[in-house]
Structure formats: structure tokens, C-alpha cells
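Okay, start.cif is below, mmCIF, C-alpha atoms:
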```cif
data_run
#
loop_
_atom_site.label_atom_id
_atom_site.label_comp_id
_atom_site.auth_asym_id
_atom_site.auth_seq_id
_atom_site.Cartn_x
_atom_site.Cartn_y
_atom_site.Cartn_z
CA MET V 63 -10.04 -1.39 -40.83
CA LEU V 64 -8.49 -4.76 -40.04
CA ARG V 65 -8.77 -5.75 -43.72
CA ALA V 66 -6.25 -3.05 -44.66
CA PRO V 67 -2.86 -4.51 -45.72
CA HIS V 68 -0.52 -5.14 -42.77
CA ALA V 69 -3.00 -3.75 -40.20
CA ARG V 70 -3.43 -6.94 -38.16
CA ALA V 71 0.25 -7.85 -38.31
CA LEU V 72 1.24 -4.39 -37.08
CA LEU V 73 -1.18 -4.52 -34.15
CA LEU V 74 -0.02 -8.00 -33.12
CA ALA V 75 3.64 -6.97 -33.30
CA GLU V 76 2.92 -4.03 -31.00
CA ILE V 77 1.49 -6.11 -28.16
CA PRO V 78 4.73 -7.44 -26.61
CA ALA V 79 6.54 -4.18 -27.35
CA ARG V 80 3.94 -2.15 -25.49
CA LEU V 81 3.15 -4.58 -22.67
CA PRO V 82 5.96 -3.00 -20.58
CA ILE V 83 3.83 0.16 -20.42
CA GLY V 84 1.34 -1.79 -18.34
CA ILE V 85 4.06 -3.45 -16.26
CA ASN V 86 6.44 -0.64 -15.32
CA GLY V 87 4.22 1.68 -13.28
CA LEU V 88 2.87 -0.81 -10.75
CA ALA V 89 6.04 -2.92 -10.79
CA LEU V 90 8.20 0.09 -9.87
CA VAL V 91 5.83 1.07 -7.05
CA LEU V 92 5.71 -2.45 -5.59
CA PHE V 93 9.45 -3.03 -6.13
CA MET V 94 10.49 0.16 -4.34
CA ARG V 95 7.86 -0.33 -1.61
CA GLU V 96 9.33 -3.79 -1.03
CA HIS V 97 12.99 -2.75 -1.05
CA ALA V 98 12.90 0.88 0.17
CA GLY V 99 10.03 0.59 2.64
CA SER V 100 7.75 3.55 1.84
CA TYR V 101 5.25 4.75 -0.70
CA GLY V 102 7.04 8.10 -0.75
CA ALA V 103 10.21 6.45 -2.12
CA ALA V 104 8.16 4.30 -4.48
CA GLY V 105 6.31 7.30 -5.85
CA ALA V 106 9.54 9.29 -6.25
CA VAL V 107 11.27 6.59 -8.30
CA ALA V 108 8.17 5.97 -10.42
CA ALA V 109 7.93 9.74 -10.97
CA ALA V 110 11.58 9.93 -12.05
CA PHE V 111 11.01 7.15 -14.58
CA GLY V 112 7.85 8.74 -15.95
CA ALA V 113 9.27 12.27 -16.11
CA ALA V 114 12.30 11.09 -18.08
CA LEU V 115 10.10 9.11 -20.47
CA GLY V 116 7.86 12.11 -21.04
CA LEU V 117 10.62 14.66 -21.55
CA SER V 118 12.59 12.48 -23.94
CA SER V 119 9.69 11.43 -26.19
CA PRO V 120 9.41 14.64 -28.29
CA VAL V 121 13.17 14.71 -28.80
CA ILE V 122 13.10 11.09 -29.98
CA GLY V 123 10.05 11.79 -32.13
CA ARG V 124 11.80 14.70 -33.81
CA LEU V 125 14.89 12.58 -34.43
CA ILE V 126 12.74 9.87 -36.03
CA ASP V 127 11.02 12.41 -38.29
CA ARG V 128 14.39 13.76 -39.41
CA ARG V 129 16.70 10.71 -39.43
CA GLY V 130 14.48 7.68 -39.86
CA LEU V 131 13.01 5.02 -37.64
CA ARG V 132 15.50 2.17 -37.38
CA ARG V 133 18.55 4.36 -36.84
CA VAL V 134 16.98 5.86 -33.73
CA VAL V 135 14.92 3.21 -31.94
CA VAL V 136 17.27 0.19 -31.91
CA PRO V 137 20.15 1.74 -29.89
CA LEU V 138 17.66 3.41 -27.56
CA ALA V 139 15.94 0.12 -26.75
CA LEU V 140 19.27 -1.52 -25.88
CA LEU V 141 20.22 1.37 -23.58
CA HIS V 142 16.82 1.13 -21.90
CA ALA V 143 17.31 -2.58 -21.20
CA ALA V 144 20.72 -1.93 -19.66
CA ALA V 145 19.35 0.82 -17.39
CA MET V 146 16.46 -1.37 -16.21
CA GLY V 147 18.89 -4.13 -15.31
CA GLY V 148 20.95 -1.66 -13.30
CA LEU V 149 17.86 -0.36 -11.50
CA VAL V 150 16.87 -3.86 -10.39
CA ALA V 151 20.43 -4.62 -9.23
CA CYS V 152 20.57 -1.41 -7.18
CA GLY V 153 17.17 -1.95 -5.59
CA VAL V 154 17.85 -5.57 -4.61
CA SER V 155 21.27 -4.70 -3.17
CA GLY V 156 19.84 -1.96 -0.95
CA ALA V 157 21.36 1.01 -2.81
CA PRO V 158 20.13 4.51 -1.85
CA VAL V 159 16.86 5.70 -3.30
CA TRP V 160 18.64 8.47 -5.22
CA ALA V 161 20.74 5.86 -7.08
CA CYS V 162 17.59 3.96 -8.05
CA ALA V 163 16.01 7.23 -9.17
CA LEU V 164 18.99 8.06 -11.42
CA LEU V 165 18.76 4.67 -13.11
CA ALA V 166 15.00 5.09 -13.41
CA ILE V 167 15.63 8.39 -15.22
CA ALA V 168 18.00 6.66 -17.66
CA ALA V 169 15.56 3.78 -18.21
CA GLY V 170 12.66 6.13 -18.87
CA ALA V 171 14.64 8.42 -21.18
CA PHE V 172 15.62 5.64 -23.57
CA ILE V 173 12.21 4.03 -24.21
CA PRO V 174 11.26 4.37 -27.91
CA PRO V 175 7.83 6.06 -28.29
CA LEU V 176 6.25 3.13 -30.13
CA GLY V 177 2.72 4.41 -29.59
CA SER V 178 3.47 7.68 -31.38
CA ILE V 179 5.33 5.83 -34.13
CA SER V 180 2.39 3.50 -34.68
CA ARG V 181 -0.14 6.35 -34.78
CA SER V 182 1.89 8.13 -37.43
CA LEU V 183 1.86 4.93 -39.53
CA TRP V 184 -1.92 4.47 -39.70
CA PRO V 185 -2.62 7.15 -42.35
CA ARG V 186 0.00 5.46 -44.56
CA ILE V 187 -1.57 2.03 -44.02
CA LEU V 188 -5.14 3.15 -44.62
CA HIS V 189 -4.30 5.42 -47.59
CA GLY V 190 -7.48 6.83 -49.18
CA GLU V 191 -9.67 5.42 -46.42
CA ALA V 192 -7.86 7.33 -43.69
CA ASP V 193 -10.62 9.90 -43.13
CA ASP V 194 -13.24 7.18 -42.55
CA LEU V 195 -11.19 4.62 -40.66
CA LEU V 196 -8.41 6.49 -38.88
CA GLY V 197 -10.61 7.17 -35.86
CA THR V 198 -11.46 3.47 -35.67
CA ALA V 199 -7.78 2.52 -35.96
CA LEU V 200 -6.79 4.90 -33.17
CA ALA V 201 -9.67 3.67 -31.01
CA LEU V 202 -8.58 0.07 -31.52
CA GLU V 203 -5.05 1.10 -30.56
CA GLY V 204 -6.52 2.65 -27.43
CA VAL V 205 -8.33 -0.57 -26.62
CA MET V 206 -5.10 -2.50 -27.14
CA ILE V 207 -3.34 -0.17 -24.70
CA GLU V 208 -6.08 -0.78 -22.15
CA LEU V 209 -5.62 -4.51 -22.70
CA VAL V 210 -1.95 -3.91 -21.95
CA PHE V 211 -2.93 -2.00 -18.81
CA THR V 212 -5.16 -4.93 -17.86
CA VAL V 213 -2.74 -7.77 -18.51
CA GLY V 214 0.33 -5.89 -17.28
CA PRO V 215 -0.83 -5.19 -13.71
CA LEU V 216 -2.33 -8.69 -13.41
CA LEU V 217 1.02 -10.13 -14.48
CA VAL V 218 2.80 -7.93 -11.94
CA ALA V 219 0.36 -9.04 -9.22
CA VAL V 220 0.98 -12.72 -9.98
CA ILE V 221 4.76 -12.24 -10.09
CA ALA V 222 4.78 -10.18 -6.88
CA ALA V 223 2.73 -12.83 -5.07
CA ALA V 224 4.84 -15.75 -6.35
CA ALA V 225 8.30 -14.20 -6.25
CA ASP V 226 9.41 -10.54 -6.25
CA PRO V 227 8.37 -7.45 -8.27
CA ALA V 228 11.99 -7.37 -9.47
CA VAL V 229 11.15 -10.26 -11.81
CA ALA V 230 8.53 -8.10 -13.51
CA LEU V 231 11.07 -5.31 -14.00
CA VAL V 232 13.47 -7.77 -15.64
CA LEU V 233 10.73 -9.17 -17.87
CA SER V 234 9.71 -5.71 -19.08
CA PRO V 235 12.76 -4.87 -21.28
CA VAL V 236 12.86 -8.45 -22.59
CA LEU V 237 9.33 -8.02 -23.91
CA LEU V 238 10.20 -4.61 -25.35
CA LEU V 239 13.15 -5.99 -27.33
CA LEU V 240 11.14 -8.97 -28.57
CA GLY V 241 8.22 -6.83 -29.67
CA LEU V 242 10.45 -4.20 -31.23
CA GLY V 243 12.13 -6.86 -33.36
CA LEU V 244 8.74 -8.00 -34.67
CA PHE V 245 7.59 -4.41 -35.19
CA LEU V 246 10.63 -3.46 -37.26
CA LEU V 247 10.00 -6.39 -39.63
CA GLN V 248 6.60 -5.04 -40.72
CA PRO V 249 6.47 -3.59 -44.27
CA PRO V 250 5.01 -0.19 -43.24
CA VAL V 251 7.95 0.21 -40.86
CA ARG V 252 10.58 -1.02 -43.33
CA THR V 253 9.32 1.41 -45.98
CA TRP V 254 9.32 4.43 -43.65
CA VAL V 255 10.20 7.57 -45.67
CA ILE V 256 11.49 10.84 -44.25
CA SER V 257 9.24 13.74 -45.31
CA GLU V 258 10.72 16.55 -47.36
CA HIS V 259 9.18 18.94 -44.81
CA ALA V 260 10.98 17.37 -41.85
CA GLY V 261 13.07 19.90 -39.97
CA SER V 262 11.29 22.91 -41.48
CA HIS V 263 9.37 24.02 -38.39
CA GLY V 264 12.14 25.58 -36.32
CA LEU V 265 12.84 25.05 -32.66
CA LEU V 266 9.16 24.78 -31.75
CA GLY V 267 8.61 21.94 -34.20
CA ALA V 268 5.15 20.42 -33.74
CA LEU V 269 4.38 22.94 -30.98
CA ARG V 270 3.86 25.57 -33.69
CA SER V 271 0.34 24.17 -33.85
CA PRO V 272 -2.03 25.78 -31.30
CA GLY V 273 -4.00 22.53 -31.25
CA ILE V 274 -0.95 20.56 -30.10
CA ARG V 275 -0.34 23.14 -27.39
CA THR V 276 -3.95 22.76 -26.20
CA LEU V 277 -3.64 18.99 -26.06
CA VAL V 278 -0.47 19.38 -23.97
CA LEU V 279 -2.25 21.68 -21.51
CA CYS V 280 -5.30 19.43 -21.18
CA THR V 281 -3.44 16.15 -20.92
CA LEU V 282 -1.08 17.15 -18.09
CA PRO V 283 -3.73 17.27 -15.30
CA MET V 284 -5.43 14.24 -16.86
CA GLY V 285 -2.17 12.34 -16.48
CA PHE V 286 -1.90 13.58 -12.90
CA CYS V 287 -5.24 11.91 -12.19
CA PHE V 288 -4.12 8.61 -13.67
CA GLY V 289 -0.71 8.71 -11.95
CA ALA V 290 -2.30 9.33 -8.57
CA MET V 291 -4.54 6.31 -9.17
CA GLU V 292 -1.52 4.06 -9.82
CA VAL V 293 -0.19 4.76 -6.31
CA THR V 294 -3.48 5.19 -4.46
CA LEU V 295 -5.02 1.88 -5.53
CA PRO V 296 -2.10 -0.11 -4.00
CA ALA V 297 -2.39 1.99 -0.81
CA PHE V 298 -6.15 1.33 -0.70
CA SER V 299 -5.55 -2.40 -1.22
CA GLU V 300 -2.94 -2.56 1.53
CA ASP V 301 -5.27 -0.75 3.92
CA HIS V 302 -7.91 -3.39 3.14
CA GLY V 303 -5.66 -6.37 3.73
CA SER V 304 -3.97 -7.26 0.42
CA ARG V 305 -1.46 -5.05 -1.40
CA ASN V 306 -1.21 -7.56 -4.26
CA LEU V 307 -4.89 -7.06 -5.15
CA ALA V 308 -3.86 -3.63 -6.42
CA GLY V 309 -2.98 -5.29 -9.70
CA VAL V 310 -6.52 -6.62 -9.99
CA LEU V 311 -8.04 -3.18 -9.29
CA VAL V 312 -5.76 -1.46 -11.80
CA ALA V 313 -6.74 -4.12 -14.35
CA VAL V 314 -10.46 -3.59 -13.68
CA TRP V 315 -9.95 0.16 -14.10
CA SER V 316 -8.31 -0.52 -17.48
CA VAL V 317 -11.11 -2.87 -18.55
CA GLY V 318 -13.52 0.03 -18.06
CA SER V 319 -11.38 2.13 -20.37
CA ALA V 320 -11.27 -0.64 -22.99
CA VAL V 321 -15.07 -0.90 -22.96
CA GLY V 322 -15.27 2.85 -23.50
CA GLY V 323 -12.73 2.63 -26.33
CA LEU V 324 -14.73 -0.08 -28.13
CA TRP V 325 -17.86 2.05 -27.86
CA TYR V 326 -16.03 5.10 -29.21
CA GLY V 327 -14.45 3.24 -32.13
CA SER V 328 -17.70 1.58 -33.17
CA ARG V 329 -19.45 4.91 -33.78
CA ALA V 330 -19.30 7.32 -36.72
CA TRP V 331 -18.81 10.77 -35.22
CA GLY V 332 -20.21 13.73 -37.11
CA ASP V 333 -19.51 16.55 -34.66
CA ALA V 334 -16.45 18.80 -34.49
CA PRO V 335 -13.46 16.94 -32.94
CA GLY V 336 -12.69 19.77 -30.51
CA ARG V 337 -16.21 19.84 -29.08
CA ARG V 338 -16.28 16.06 -28.81
CA TYR V 339 -12.94 16.04 -26.96
CA ALA V 340 -14.18 18.74 -24.57
CA ARG V 341 -17.39 16.83 -23.77
CA LEU V 342 -15.50 13.60 -23.10
CA ALA V 343 -13.01 15.43 -20.87
CA ALA V 344 -15.91 16.96 -18.93
CA LEU V 345 -17.31 13.49 -18.18
CA LEU V 346 -13.97 12.14 -16.96
CA PRO V 347 -13.81 13.53 -13.39
CA ILE V 348 -17.31 12.33 -12.49
CA GLY V 349 -16.14 8.76 -12.01
CA TYR V 350 -13.30 9.53 -9.58
CA LEU V 351 -15.00 11.29 -6.67
CA PRO V 352 -16.89 8.16 -5.42
CA LEU V 353 -13.62 6.23 -5.08
CA ALA V 354 -12.77 8.12 -1.89
CA ALA V 355 -15.85 6.64 -0.20
CA ALA V 356 -15.30 2.98 -1.15
CA PRO V 357 -15.60 0.84 1.98
CA SER V 358 -14.11 -2.38 0.59
CA ILE V 359 -12.30 -3.97 -2.33
CA LEU V 360 -15.56 -5.54 -3.53
CA VAL V 361 -17.14 -2.09 -3.79
CA MET V 362 -14.01 -0.49 -5.22
CA ALA V 363 -13.89 -2.91 -8.18
CA PRO V 364 -17.12 -1.71 -9.92
CA LEU V 365 -16.33 1.90 -9.03
CA ALA V 366 -12.90 1.58 -10.65
CA LEU V 367 -14.53 0.00 -13.71
CA LEU V 368 -16.85 3.01 -14.12
CA ALA V 369 -14.02 5.47 -13.48
CA GLY V 370 -12.13 4.03 -16.43
CA VAL V 371 -14.90 4.24 -19.04
CA CYS V 372 -14.06 7.72 -20.38
CA ILE V 373 -10.26 7.30 -20.50
CA ALA V 374 -9.78 5.61 -23.88
CA PRO V 375 -12.44 7.69 -25.69
CA THR V 376 -10.91 10.95 -24.45
CA LEU V 377 -7.33 9.95 -25.30
CA THR V 378 -8.40 8.53 -28.68
CA ALA V 379 -10.18 11.77 -29.58
CA GLY V 380 -7.04 13.66 -28.57
CA ASN V 381 -4.82 11.45 -30.72
CA GLN V 382 -7.09 11.93 -33.72
CA ILE V 383 -6.91 15.70 -33.24
CA ALA V 384 -3.10 15.53 -32.95
CA GLY V 385 -2.95 13.95 -36.40
CA ASP V 386 -5.33 16.56 -37.80
CA VAL V 387 -3.41 19.59 -36.53
CA ALA V 388 0.17 18.26 -36.82
CA PRO V 389 2.55 20.31 -39.00
CA GLU V 390 3.54 18.37 -42.13
CA GLY V 391 6.78 16.46 -41.64
CA ALA V 392 6.46 16.57 -37.82
CA GLU V 393 3.76 13.93 -37.36
CA THR V 394 5.72 11.59 -35.09
CA GLU V 395 6.78 14.48 -32.88
CA ALA V 396 3.20 15.80 -32.80
CA TYR V 397 1.90 12.50 -31.47
CA THR V 398 4.60 12.46 -28.77
CA TRP V 399 3.63 15.79 -27.19
CA PRO V 400 0.32 14.63 -25.68
CA VAL V 401 2.09 11.46 -24.54
CA THR V 402 4.81 13.58 -22.95
CA SER V 403 2.22 15.66 -21.17
CA LEU V 404 0.36 12.53 -20.05
CA VAL V 405 3.52 10.87 -18.73
CA LEU V 406 4.68 14.02 -16.93
CA GLY V 407 1.26 14.21 -15.34
CA LEU V 408 1.52 10.55 -14.39
CA ALA V 409 4.92 11.21 -12.80
CA ILE V 410 3.66 14.18 -10.80
CA GLY V 411 0.59 12.19 -9.79
CA ASN V 412 2.79 9.25 -8.68
CA TRP V 413 4.90 11.53 -6.51
CA ALA V 414 2.02 13.58 -5.11
CA ALA V 415 -0.15 10.57 -4.30
CA GLY V 416 2.74 8.82 -2.55
CA ALA V 417 3.35 11.89 -0.40
CA ILE V 418 -0.38 12.36 0.32
CA VAL V 419 -0.85 8.70 1.29
CA ASP V 420 2.12 8.91 3.70
CA ALA V 421 0.99 12.26 5.15
CA ALA V 422 -2.79 11.69 5.20
CA ASP V 423 -4.54 8.67 3.66
CA TRP V 424 -5.74 7.14 0.41
CA ARG V 425 -9.05 9.00 0.57
CA ALA V 426 -7.32 12.37 0.26
CA ALA V 427 -5.25 11.03 -2.63
CA PHE V 428 -8.39 9.94 -4.53
CA LEU V 429 -9.93 13.40 -4.08
CA VAL V 430 -6.78 15.09 -5.40
CA SER V 431 -6.83 12.69 -8.35
CA ALA V 432 -10.39 13.75 -9.20
CA GLY V 433 -9.30 17.38 -9.01
CA GLY V 434 -6.72 16.77 -11.74
CA ALA V 435 -9.39 15.37 -14.08
CA GLY V 436 -11.60 18.37 -13.29
CA LEU V 437 -8.87 20.84 -14.26
CA SER V 438 -8.37 18.99 -17.54
CA ALA V 439 -12.10 19.35 -18.30
CA VAL V 440 -12.03 23.11 -17.64
CA LEU V 441 -9.05 23.62 -19.98
CA ALA V 442 -10.59 21.48 -22.75
CA LEU V 443 -13.88 23.41 -22.62
CA ALA V 444 -12.06 26.76 -22.66
CA ARG V 445 -9.77 25.95 -25.62
CA HIS V 446 -11.79 23.56 -27.79
CA HIS V 447 -11.78 26.08 -30.67
CA THR V 448 -8.05 25.44 -31.24
CA LEU V 449 -8.62 21.71 -31.82
CA ASP V 450 -9.80 22.03 -35.40
CA ARG V 451 -7.69 21.02 -38.40
CA ARG V 452 -8.43 24.44 -39.89
CA ALA V 453 -6.78 26.22 -36.94
CA VAL V 454 -3.90 28.35 -38.20
CA MET V 455 -0.41 27.79 -36.85
CA VAL V 456 0.34 31.24 -35.50
CA ALA V 457 3.76 30.67 -33.93
CA PRO V 458 6.62 31.87 -36.13
CA THR V 459 9.36 29.55 -37.30
CA ALA V 460 12.28 29.81 -34.86
#
```
Is it possible to give me this structure as C-alpha cells?
Amino acid sequence: MLRAPHARALLLAEIPARLPIGINGLALVLFMREHAGSYGAAGAVAAAFGAALGLSSPVIGRLIDRRGLRRVVVPLALLHAAAMGGLVACGVSGAPVWACALLAIAAGAFIPPLGSISRSLWPRILHGEADDLLGTALALEGVMIELVFTVGPLLVAVIAAAADPAVALVLSPVLLLLGLGLFLLQPPVRTWVISEHAGSHGLLGALRSPGIRTLVLCTLPMGFCFGAMEVTLPAFSEDHGSRNLAGVLVAVWSVGSAVGGLWYGSRAWGDAPGRRYARLAALLPIGYLPLAAAPSILVMAPLALLAGVCIAPTLTAGNQIAGDVAPEGAETEAYTWPVTSLVLGLAIGNWAAGAIVDAADWRAAFLVSAGGAGLSAVLALARHHTLDRRAVMVAPTA
């Protein structure tokens, strides 16, 4: 796959542009915990950021499909950077939590969905080899994201220990703008062509596909699980003597996912994608229940590693299905819907875990997190028949 023209350059250009994904979640939690004084406030602001990101992504994806890539993403990235700067200024100056939440909403709403853009590019890069290598490409993308979720939290942990989490929130949009500049220079991006079918799917757009709707339903509680982890691991670390070690635990969790992604991408899968996705989703919750019983950080580290193993394979299988069942001319939008669902789940999980930690303890938050993964597994097993490329789009054009 890496021998395909422009493949390596595109992946390398994505790294700085997508590193903020691994920075923002933990950095927002630690920043607001530092300057607002509670995990409830931290979870609320992180949830506002994530909800805005999730809700805006399909709208941005549809605009890209209809109007082109460059015209949409450049102004959005600049607006995102301005909002992040305002959020840091408000937090440091002691502004009310609601003001920080409003700026977090603006910052989240203006992030270009580079992951969805990149996934829609891979069939064009691989051309005739797409059926054989697309799964590998998406798996490698998943591993790269887990690398981002490994490096990002570690970077936040180092910055928080040496200075202030605010520095990480300033660094995040700088990296986005740098990476976006490199990404836009790549030939597959410069030669982006608007499909003649763009705009022909009515108000529902990519949601005309029953497979996309199933992925949305399954990914929401999965995201809840992951969002609860982002808040609960820092609470666990603080209870065991070092809040800053949360970055290390989140990184270990992501390493587990990367290992799972490498395993998934190295295999040739012959079964039906829907059944494979359902089986992977069913394995996901098994790793989260033991976290509630962890007695120390040394024990939590290997448990977090195991909990992460099924994340990248499940999400990669879902992304491959999204490409299979996407309506023609709505590919970018189709890839954004599972991301939207994931991010909304993350936001709800951030908020819920913050409230649960304040009201009860981190053990209860881990158990609720596992419950989210369990619900995702039930939905995937019940609706796997819709995740086939032959599934008919039954929703009428609106």
C-alpha cells in the first residue's frame, strides 16, 4: 500500500494536522481542572468542544463534497485557531465556565474533518487496487491515529508537569495549521474533483444509506465509553497520587489500540464486513470491566493496554463499511457521520464521567464506561445485516 503514488507523503502530512486530536481532550480536562477547580467543569467544557466538533463535521463534509476542499477547510482552520486562543485567554483570566464553554463550542465547530477527507482520498490514490488494499490503508490510518493518541497525551503530560496545560492548548492549533498547509500541497488533494452526483441525495444526504445509520447508532455508545475513559483515567491517577500520570495511562491505552490496528491491517479478511464489525464490537466491552478493580497505577497500565486492543480494529472495520455503503458523491459526508457519532459519544462520556467522579468515584465511572461499549455491541449484532455494500438505500430523496 505504501508503494502507491503519494501514499507515504499524504500520511506524513497528516501527522501534525491530526496530532491536536490527541492533545485537545486531555489538555482541556487538565486546563479546566487547573483553572476552574473541578472535574465537573472540566468535563462540561470538554463535552461542549466535542459536541460542536461532532455536530459540525457532517455539515462541513457536505460542503466539501459540493464546493471543493480548499475553499472550505482553510477559513475554518483559521477560525478554529482564533477560538482556541480566546478559550485559553478566558481560562487563564478566570472567566466564568460558561464563557469558556462557548469558546470551546466555537473551537470545536470549526475544526476541518481531516480524517474523513483523508479516508475519501484513499480509493483515488489506490485506484484499481482499492478492493485489496483499502482495508490496509484504513487500518494504517487507524494506527496513525492511535500514535497520535499516544504522543498527544504524553506531550500534554510533559507540558502540564513543566508549565501549564494552557501551553498545550496553544500548541494544538499551531500544529493544525502547519499540518494543513502540508496536506493541501499533496497532489491527491490539489486534484480533488467534485462529483457530478454531489448534492443529489436530498436533505438526508449520506444518511439515506441504512448502513451509515447503523454505524451512527453503534458508534455513539462506543464514543461514550472512550469519552468516559478520558476523564476517569485522570481521576484515577489523581486518587493514586499523580494527576499528570493520566497522560501516560491514556497513551498506554492508545498503544493497545495501535497494536490491534496493526494486527487487523496485516490480515486478509474473507468474511462479510457487517459480521466482522459485529464480532469486534462484541469483544470491546470485555476489556473495560476490570479497570474498576485496579488497585494501583502499575496494575492499571497493562489493563488499559488490553482495553485498547479492539478499538482500532472496530473503528477501521466501520470506516471500511462507510466507504462501501456511502451514496455516490457523498463520500466525505458519509465518513463524517460515524466520526460525528463518536465525538458526540465522547462529549457525553466526558460530561457523564466528570459528574459521576464528583458524585461517586472513578470506579463507578469505569463501570458506566463499560456499559456504553456493551450497548454498542448489542446494536452492532442486531443490525449487522445493514452493513453490506449491497444493502439498498430505502430512504427517499428529500
Item checked: Residue nearest V:Ile359 among V:Leu346, V:Leu183, V:Leu295, V:Leu269 (counting only C-alpha atoms) ->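 Comparing V:Leu346, V:Leu183, V:Leu295, V:Leu269 against V:Ile359, the winner is V:Leu295.
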Note to self: Can you spell out as an NGL selection string the set of residues that the PyMOL selection byres ((chain V and resi 169) around 9) selects in the structure I just provided?
What the structure shows: :V and (111 or 114-115 or 141-146 or 149 or 164-168 or 170-173)
Dump as CSV the rows for residues of stretch 351-425 of chain V within 9 Å of stretch 320-329 of chain V: closest atom pair and distance in Å with one decimal, all atoms listed in the file counted, ordered by chain and rising residue number.
```
residue,atom,partner,partner_atom,distance
V:Gly370,CA,V:Gly322,CA,7.8
V:Val371,CA,V:Gly322,CA,4.7
V:Cys372,CA,V:Gly322,CA,5.9
V:Ile373,CA,V:Gly322,CA,7.3
V:Ala374,CA,V:Gly323,CA,4.9
V:Pro375,CA,V:Gly323,CA,5.1
V:Thr376,CA,V:Gly323,CA,8.7
V:Thr378,CA,V:Gly323,CA,7.7
V:Ala379,CA,V:Tyr326,CA,8.9
```
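Note that atom CA of V:Gly416 and atom CA of V:Pro227 are 18.1 Å apart.
The space separating atom CA of V:Ala290 from atom CA of V:Ile274 comes to 24.3 Å.
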Checklist line | Coordinates-based distance that separates atom CA of V:Phe298 from atom CA of V:Ala157 (Å, one decimal) | finding: 27.6 Å
Next item on the list: Tell me which of V:Ala89, V:Ala422, V:Ala228, V:Ala409 sits closest to V:Gly147, counting all atoms listed in the file.
Entry: V:Ala228
Notebook entry, point to check: Which one of V:Glu390, V:Asp333, V:Glu76, V:Glu96 sits closest to V:Val210 if you count only C-alpha atoms?
Noted result: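 Of V:Glu390, V:Asp333, V:Glu76, V:Glu96, the one nearest V:Val210, counting only C-alpha atoms, is V:Glu76.
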Kindly list the centre and edge lengths in Å, rounded to one decimal, for the axis-aligned box that covers all listed atoms of stretch 117-133 of chain V plus 6 Å on each of its six sides, as lines of an AutoDock Vina configuration file.
```
center_x = 14.0
center_y = 8.4
center_z = -30.7
size_x = 21.1
size_y = 24.5
size_z = 30.3
```
Next item on the list: Tell me which of V:Val314, V:Leu196, V:Ala396, V:Ala219 sits closest to V:Arg270, counting all atoms listed in the file.
Entry: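 Ranked by minimum distance to V:Arg270, first place goes to V:Ala396.
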Next item on the list: Kindly indicate which residue among V:Val430, V:Cys280, V:Ala163, V:Ala330 lies nearest to V:Leu377, using only C-alpha atoms for the distances.
Entry: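 Selected residue with least distance to V:Leu377: V:Cys280.
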Next item on the list: Please identify all polymer residues within 9 Å of stretch 178-181 of chain V, counting all atoms listed in the file, omitting same-chain residues fewer than 4 positions from it, and present them as number ranges by chain.
Entry: V: 72-73, 76, 119, 123, 126, 131, 174, 185, 199-200, 203, 251, 381-382, 385, 393-398, 401
Check: With all atoms listed in the file as the basis for distance, which of V:Leu117, V:Leu242, V:Cys152, V:Leu138 is at the shortest distance from V:Ala79?
Finding: V:Leu242
Check what the PyMOL selection byres ((chain V and resi 245) around 10) selects in the file above and give those residues as a JSON list (two decimals) with C-alpha atoms, keeping the file's coordinate frame.
```json
[["chain", "number", "residue", "atom", "x", "y", "z"],
["V", 71, "ALA", "CA", 0.25, -7.85, -38.31],
["V", 72, "LEU", "CA", 1.24, -4.39, -37.08],
["V", 73, "LEU", "CA", -1.18, -4.52, -34.15],
["V", 74, "LEU", "CA", -0.02, -8.00, -33.12],
["V", 75, "ALA", "CA", 3.64, -6.97, -33.30],
["V", 76, "GLU", "CA", 2.92, -4.03, -31.00],
["V", 77, "ILE", "CA", 1.49, -6.11, -28.16],
["V", 78, "PRO", "CA", 4.73, -7.44, -26.61],
["V", 79, "ALA", "CA", 6.54, -4.18, -27.35],
["V", 176, "LEU", "CA", 6.25, 3.13, -30.13],
["V", 180, "SER", "CA", 2.39, 3.50, -34.68],
["V", 239, "LEU", "CA", 13.15, -5.99, -27.33],
["V", 240, "LEU", "CA", 11.14, -8.97, -28.57],
["V", 241, "GLY", "CA", 8.22, -6.83, -29.67],
["V", 242, "LEU", "CA", 10.45, -4.20, -31.23],
["V", 243, "GLY", "CA", 12.13, -6.86, -33.36],
["V", 244, "LEU", "CA", 8.74, -8.00, -34.67],
["V", 246, "LEU", "CA", 10.63, -3.46, -37.26],
["V", 247, "LEU", "CA", 10.00, -6.39, -39.63],
["V", 248, "GLN", "CA", 6.60, -5.04, -40.72],
["V", 249, "PRO", "CA", 6.47, -3.59, -44.27],
["V", 250, "PRO", "CA", 5.01, -0.19, -43.24],
["V", 251, "VAL", "CA", 7.95, 0.21, -40.86],
["V", 252, "ARG", "CA", 10.58, -1.02, -43.33]]
```
Next item on the list: Report as a PyMOL selection string the full result of the PyMOL selection byres ((chain V and resi 88) around 9) when it is applied to this structure.
Entry: chain V and resi 84-87+89-93+108+214-215+218-219+227+292-293+296+308-309+312
Next item on the list: With a distance cut-off of 8 Å and all atoms listed in the file, select the neighbouring residues of V:His97, excluding the residue or stretch itself and same-chain residues fewer than 3 positions from it, and output the selection as a ChimeraX atom specification.
Entry: /V:93-94,153-154,156
Notebook entry, point to check: Need the neighbours of (-8.4, 21.6, -17.8): which residues are at most 10 Å away, counting all atoms listed in the file, as a list in words?
Noted result: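 Neighbouring residues, ordered by chain and number, come to Thr276, Leu277, Leu279, Cys280, Thr281, Leu282, Pro283, Met284, Ala340, Ala343, Ala344, Gly433, Gly434, Ala435, Gly436, Leu437, Ser438, Ala439, Val440, Leu441, Ala442, Leu443, Ala444 and Arg445 of chain V.
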